[in-house]
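model09.txt, holding compact mmCIF, C-alpha atoms:
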# COMPACT_ATOMS: atom_id res chain seq x y z
CA MET A 1 0.00 0.00 0.00
CA ASP A 2 1.23 3.47 -0.88
CA LEU A 3 0.86 5.52 2.31
CA LYS A 4 1.35 8.74 0.31
CA LEU A 5 4.12 9.83 2.66
CA THR A 6 6.73 10.67 0.02
CA GLY A 7 7.92 14.24 0.50
CA LYS A 8 6.30 14.66 3.92
CA LYS A 9 8.38 16.14 6.72
CA ALA A 10 8.55 14.53 10.17
CA ILE A 11 10.02 15.81 13.42
CA LEU A 12 10.77 12.92 15.77
CA ALA A 13 11.89 13.59 19.34
CA GLY A 14 14.00 10.84 20.88
CA ALA A 15 14.29 8.59 17.83
CA SER A 16 17.76 7.05 17.80
CA LYS A 17 16.76 3.88 19.66
CA GLY A 18 13.89 1.47 20.15
CA ILE A 19 10.48 2.14 18.65
CA GLY A 20 11.53 5.69 17.74
CA ARG A 21 14.45 4.43 15.66
CA HIS A 22 12.33 1.83 13.88
CA THR A 23 9.72 4.47 13.14
CA ALA A 24 12.38 6.76 11.69
CA GLU A 25 13.55 3.88 9.48
CA GLN A 26 9.97 3.21 8.39
CA PHE A 27 9.39 6.86 7.52
CA ALA A 28 12.69 7.11 5.64
CA ALA A 29 11.78 4.04 3.60
CA GLU A 30 8.44 5.71 2.78
CA GLY A 31 10.19 8.80 1.41
CA VAL A 32 9.80 11.11 4.41
CA ASP A 33 12.32 13.88 5.20
CA ILE A 34 13.26 13.53 8.86
CA ALA A 35 14.60 15.66 11.69
CA PHE A 36 15.23 13.78 14.91
CA CYS A 37 17.00 14.28 18.18
CA ALA A 38 18.56 12.15 20.90
CA ARG A 39 21.23 12.73 23.53
CA ASP A 40 24.10 10.42 22.56
CA GLN A 41 26.06 11.82 19.63
CA ALA A 42 27.41 8.44 18.57
CA SER A 43 23.92 6.99 18.19
CA ILE A 44 22.79 10.16 16.40
CA ASP A 45 25.62 9.86 13.87
CA GLU A 46 24.90 6.16 13.28
CA THR A 47 21.19 6.86 12.83
CA ILE A 48 21.85 9.65 10.33
CA THR A 49 24.06 7.35 8.26
CA SER A 50 21.44 4.60 8.28
CA LEU A 51 18.52 6.85 7.38
CA ARG A 52 20.33 8.66 4.59
CA ARG A 53 20.74 5.46 2.62
CA HIS A 54 17.09 5.92 1.60
CA GLY A 55 18.03 9.08 -0.27
CA HIS A 56 15.98 11.67 1.59
CA ALA A 57 16.85 14.58 3.89
CA VAL A 58 17.90 13.68 7.43
CA HIS A 59 18.86 16.07 10.23
CA GLY A 60 19.99 14.84 13.64
CA ALA A 61 20.78 16.85 16.77
CA SER A 62 21.74 16.28 20.39
CA VAL A 63 19.01 17.72 22.61
CA ASP A 64 18.11 17.35 26.28
CA LEU A 65 14.32 17.01 26.12
CA ALA A 66 14.10 17.80 29.83
CA ASP A 67 15.34 21.32 29.01
CA PRO A 68 12.20 23.23 27.90
CA THR A 69 14.06 26.01 26.08
CA ALA A 70 16.42 23.67 24.25
CA TYR A 71 13.55 21.39 23.26
CA ARG A 72 11.41 24.21 21.82
CA ASP A 73 14.37 25.76 20.05
CA TRP A 74 15.20 22.44 18.44
CA VAL A 75 11.65 21.90 17.17
CA ASN A 76 11.76 25.30 15.47
CA GLU A 77 15.23 24.64 14.08
CA ALA A 78 14.11 21.23 12.80
CA ALA A 79 11.10 22.73 11.02
CA ALA A 80 13.34 25.36 9.44
CA ALA A 81 15.84 22.74 8.29
CA LEU A 82 13.09 20.60 6.76
CA GLY A 83 11.15 23.50 5.31
CA GLY A 84 8.07 22.70 7.38
CA CYS A 85 6.49 19.97 9.48
CA ASP A 86 3.72 17.52 8.57
CA ILE A 87 4.26 14.96 11.33
CA PHE A 88 5.31 15.32 14.96
CA ILE A 89 5.99 12.47 17.38
CA SER A 90 7.76 12.40 20.74
CA PHE A 91 9.19 9.04 21.82
CA ALA A 92 10.86 10.37 24.97
CA SER A 93 10.03 8.41 28.11
CA ALA A 94 11.45 7.91 31.57
CA GLY A 95 10.53 4.23 31.31
CA GLY A 96 9.14 2.10 34.09
CA PRO A 97 11.45 2.08 37.13
CA PRO A 98 10.05 1.38 40.63
CA ALA A 99 7.90 4.16 42.07
CA SER A 100 9.77 6.84 43.98
CA GLU A 101 9.63 10.62 44.27
CA GLU A 102 12.35 10.87 41.64
CA SER A 103 10.80 8.41 39.19
CA TRP A 104 7.40 10.13 39.42
CA ARG A 105 9.03 13.50 38.76
CA ASN A 106 11.09 12.19 35.85
CA ALA A 107 8.06 10.48 34.30
CA PHE A 108 6.07 13.69 34.54
CA GLU A 109 8.84 15.75 32.94
CA LEU A 110 9.63 13.39 30.07
CA ASP A 111 6.40 11.52 29.34
CA VAL A 112 3.87 14.27 30.04
CA MET A 113 5.67 17.57 29.66
CA GLY A 114 7.97 16.21 26.96
CA THR A 115 4.95 15.26 24.89
CA TRP A 116 3.07 18.49 25.61
CA ARG A 117 6.05 20.80 24.97
CA GLY A 118 6.95 19.13 21.71
CA ILE A 119 3.42 19.31 20.36
CA ASP A 120 3.03 22.90 21.53
CA ALA A 121 6.24 23.92 19.77
CA ALA A 122 5.34 22.03 16.59
CA LEU A 123 1.78 23.35 16.27
CA PRO A 124 2.62 26.63 14.45
CA HIS A 125 4.41 24.56 11.82
CA LEU A 126 1.76 21.83 11.63
CA GLU A 127 -0.89 24.50 11.06
CA LYS A 128 0.76 25.28 7.72
CA SER A 129 0.62 21.67 6.53
CA ASP A 130 -2.14 20.24 4.35
CA ALA A 131 -1.66 16.79 5.93
CA ALA A 132 -0.75 17.45 9.56
CA ALA A 133 -0.57 14.54 11.98
CA ILE A 134 0.49 14.05 15.58
CA VAL A 135 1.03 10.59 17.03
CA VAL A 136 1.27 10.21 20.80
CA VAL A 137 3.13 7.16 22.12
CA ALA A 138 1.49 5.60 25.18
CA THR A 139 1.17 2.00 26.44
CA ASN A 140 -1.47 -0.65 26.95
CA VAL A 141 -0.90 -0.61 30.72
CA ALA A 142 -2.23 2.95 30.74
CA ILE A 143 -5.70 1.62 29.97
CA GLU A 144 -5.52 -1.71 31.81
CA PRO A 145 -2.95 -1.98 34.64
CA SER A 146 -0.94 -5.18 34.44
CA PHE A 147 2.22 -4.64 36.46
CA GLY A 148 1.03 -2.78 39.54
CA PRO A 149 1.03 0.96 40.31
CA GLN A 150 3.80 2.82 38.54
CA PRO A 151 4.45 6.36 37.30
CA TYR A 152 5.07 5.16 33.73
CA ALA A 153 1.51 3.85 33.31
CA ALA A 154 -0.10 6.81 35.06
CA MET A 155 1.74 9.40 32.95
CA LYS A 156 0.98 7.53 29.74
CA ALA A 157 -2.69 7.52 30.77
CA ALA A 158 -2.47 11.30 31.12
CA ILE A 159 -1.10 11.83 27.62
CA THR A 160 -3.64 9.40 26.15
CA HIS A 161 -6.41 11.56 27.59
CA HIS A 162 -4.68 14.73 26.39
CA ALA A 163 -4.35 13.32 22.86
CA GLY A 164 -8.07 12.57 22.69
CA ALA A 165 -9.01 16.07 23.80
CA LEU A 166 -6.44 17.61 21.47
CA ALA A 167 -7.82 15.63 18.52
CA GLN A 168 -11.24 17.21 19.01
CA LYS A 169 -9.79 20.69 19.37
CA LEU A 170 -7.48 20.52 16.34
CA ALA A 171 -9.70 18.62 13.89
CA PRO A 172 -11.29 21.82 12.50
CA GLN A 173 -7.77 23.00 11.62
CA GLY A 174 -7.05 19.82 9.69
CA ILE A 175 -4.60 18.47 12.28
CA ARG A 176 -5.11 14.84 13.25
CA VAL A 177 -4.05 13.44 16.63
CA ASN A 178 -3.89 9.73 17.40
CA THR A 179 -2.30 7.52 20.03
CA VAL A 180 -0.53 4.18 19.79
CA SER A 181 -0.44 1.99 22.89
CA PRO A 182 2.03 -0.86 22.52
CA GLY A 183 2.08 -3.83 24.83
CA PRO A 184 5.39 -5.50 25.72
CA ILE A 185 7.72 -5.06 22.75
CA PHE A 186 10.94 -7.04 22.46
CA ILE A 187 13.90 -4.98 21.25
CA GLU A 188 17.47 -6.28 21.22
CA GLY A 189 19.21 -4.60 24.15
CA GLY A 190 15.93 -3.07 25.34
CA ALA A 191 13.99 -3.42 28.57
CA TRP A 192 12.35 -6.75 27.74
CA ASP A 193 15.64 -8.19 26.52
CA LYS A 194 17.20 -7.30 29.89
CA ILE A 195 14.20 -8.76 31.72
CA ARG A 196 14.53 -11.98 29.72
CA GLN A 197 18.18 -12.26 30.72
CA GLY A 198 17.83 -11.23 34.38
CA ARG A 199 14.25 -12.15 35.35
CA ARG A 200 13.37 -15.07 33.11
CA GLU A 201 10.45 -16.23 35.25
CA PHE A 202 8.77 -12.82 35.01
CA TYR A 203 9.49 -12.65 31.28
CA ASP A 204 7.91 -16.05 30.65
CA ALA A 205 4.90 -15.16 32.81
CA THR A 206 4.37 -11.99 30.74
CA VAL A 207 4.55 -13.88 27.45
CA ALA A 208 1.98 -16.30 28.86
CA LYS A 209 -0.44 -13.38 29.38
CA VAL A 210 -0.35 -12.50 25.68
CA PRO A 211 -2.95 -14.52 23.72
CA ALA A 212 -0.78 -14.17 20.60
CA GLY A 213 1.86 -16.20 22.43
CA ARG A 214 4.77 -13.79 21.97
CA LEU A 215 5.94 -10.25 22.58
CA GLY A 216 5.60 -7.70 19.82
CA ASN A 217 8.43 -6.35 17.71
CA PRO A 218 9.22 -2.69 17.06
CA GLN A 219 8.62 -2.95 13.32
CA GLU A 220 4.97 -3.77 14.01
CA VAL A 221 4.56 -0.62 16.08
CA ALA A 222 6.47 1.50 13.56
CA ALA A 223 4.21 0.32 10.74
CA ALA A 224 1.12 1.26 12.75
CA ILE A 225 2.55 4.70 13.50
CA ALA A 226 3.37 5.27 9.83
CA PHE A 227 -0.20 4.41 8.87
CA LEU A 228 -1.75 6.73 11.47
CA ALA A 229 0.58 9.56 10.42
CA SER A 230 -0.11 9.08 6.72
CA PRO A 231 -2.68 10.77 4.47
CA VAL A 232 -4.20 7.31 3.93
CA ALA A 233 -5.55 7.62 7.50
CA GLY A 234 -6.98 11.05 6.74
CA PHE A 235 -10.29 10.42 8.55
CA VAL A 236 -8.69 8.73 11.57
CA SER A 237 -8.32 11.08 14.52
CA GLY A 238 -8.86 10.74 18.25
CA THR A 239 -8.23 7.01 18.26
CA ASN A 240 -6.01 4.96 20.54
CA LEU A 241 -4.55 2.01 18.61
CA VAL A 242 -3.61 -0.76 21.03
CA ILE A 243 -0.85 -3.03 19.70
CA ASP A 244 -0.49 -5.90 22.15
CA GLY A 245 -1.49 -9.24 20.62
CA ALA A 246 -4.88 -9.13 22.41
CA MET A 247 -3.26 -8.78 25.84
CA THR A 248 -5.72 -6.05 26.79
CA ARG A 249 -8.87 -7.90 27.80
CA ARG A 250 -11.49 -5.18 27.95
CA VAL A 251 -13.64 -4.42 24.94
CA GLN A 252 -12.42 -1.11 23.53
CA PHE A 253 -15.67 0.67 22.79

Just dump the structure as structure tokens.
Amino acid sequence: MDLKLTGKKAILAGASKGIGRHTAEQFAAEGVDIAFCARDQASIDETITSLRRHGHAVHGASVDLADPTAYRDWVNEAAAALGGCDIFISFASAGGPPASEESWRNAFELDVMGTWRGIDAALPHLEKSDAAAIVVVATNVAIEPSFGPQPYAAMKAAITHHAGALAQKLAPQGIRVNTVSPGPIFIEGGAWDKIRQGRREFYDATVAKVPAGRLGNPQEVAAAIAFLASPVAGFVSGTNLVIDGAMTRRVQF
């Protein structure tokens, strides 16, 4: 299927690793010009080299997304470098460490404020696009707790709600907002890889909870994000696409 993404311009915050990196690769393969940021310069350089093999514009920068001024400045610089912005996605997350004062604060700053700040900075550029799309990255445990109380799930629930409200507000301006909520996704060197190596019993118990019988892979999430961000999904806005192999049990009315 032609997603009609060729020539579109995407700003991706935190996209040198994990689902963000796979999404950047998916977009690049679809002909999208990309500006992305991360913190580690070595991973930025490697990502730029990989993405440029597709033959489209790629701009990478080192940015601390916890720094509000630096984050907003980068979004504006990225839009200028690309000549506009059609797609904005923030992949930044504090992850799911045990609950503590520090982990709650970090989750709020990166997952909630990181998402809000990025969208707020990108909006003036998205308003000029004829195919504007925002994709918010949440998690299935935000809608159905599976691993106990944790800041990660609570903050993702907050941005899921915000995305739904934002979709209704921005629809008259032609800006679509959707959410993806992945379940457990296995990425080499990622969280579930480390859990498999260090807490095999917990890993196996989690796989057993997934009716599909396996964990997801990042390419499956990236493909879903590309679809939601594409003009092909032009009438899809305000939805939360759960990608978890039927792990979430409730009916999603």

Range 71-124 of chain A near range 159-180 of chain A within 9 Å: what's each residue's closest atom pair and its distance in Å to one decimal, counting all atoms listed in the file, ordered by chain then ascending residue number, as a Markdown table?
| residue | atom | partner | partner_atom | distance |
| --- | --- | --- | --- | --- |
| A:Asp111 | CA | A:Ile159 | CA | 7.7 |
| A:Val112 | CA | A:Ile159 | CA | 6.0 |
| A:Thr115 | CA | A:Ile159 | CA | 7.5 |
| A:Trp116 | CA | A:Ile159 | CA | 8.1 |
| A:Leu123 | CA | A:Ile175 | CA | 9.0 |

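A straight line drawn from CA of Ile34 in chain A to CA of Arg117 in chain A is 19.1 Å long.
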
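For the pair CA of Arg53 in chain A and CA of Trp74 in chain A, the interatomic distance is 23.9 Å.
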
query = Just how far from CA of His56 in chain A is CA of Gly234 in chain A, in Å to one decimal?
reply = 23.5 Å

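Minimum atom-to-atom distance to Met247 in chain A, evaluated using all atoms listed in the file, belongs to A:Gly183 out of A:Gly183, A:Gly198, A:Gly148, A:Pro124.
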
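Counting only C-alpha atoms and comparing A:Lys209, A:Pro151, A:Gly55, A:Pro68, the residue that lies closest to Glu102 in chain A is A:Pro151.
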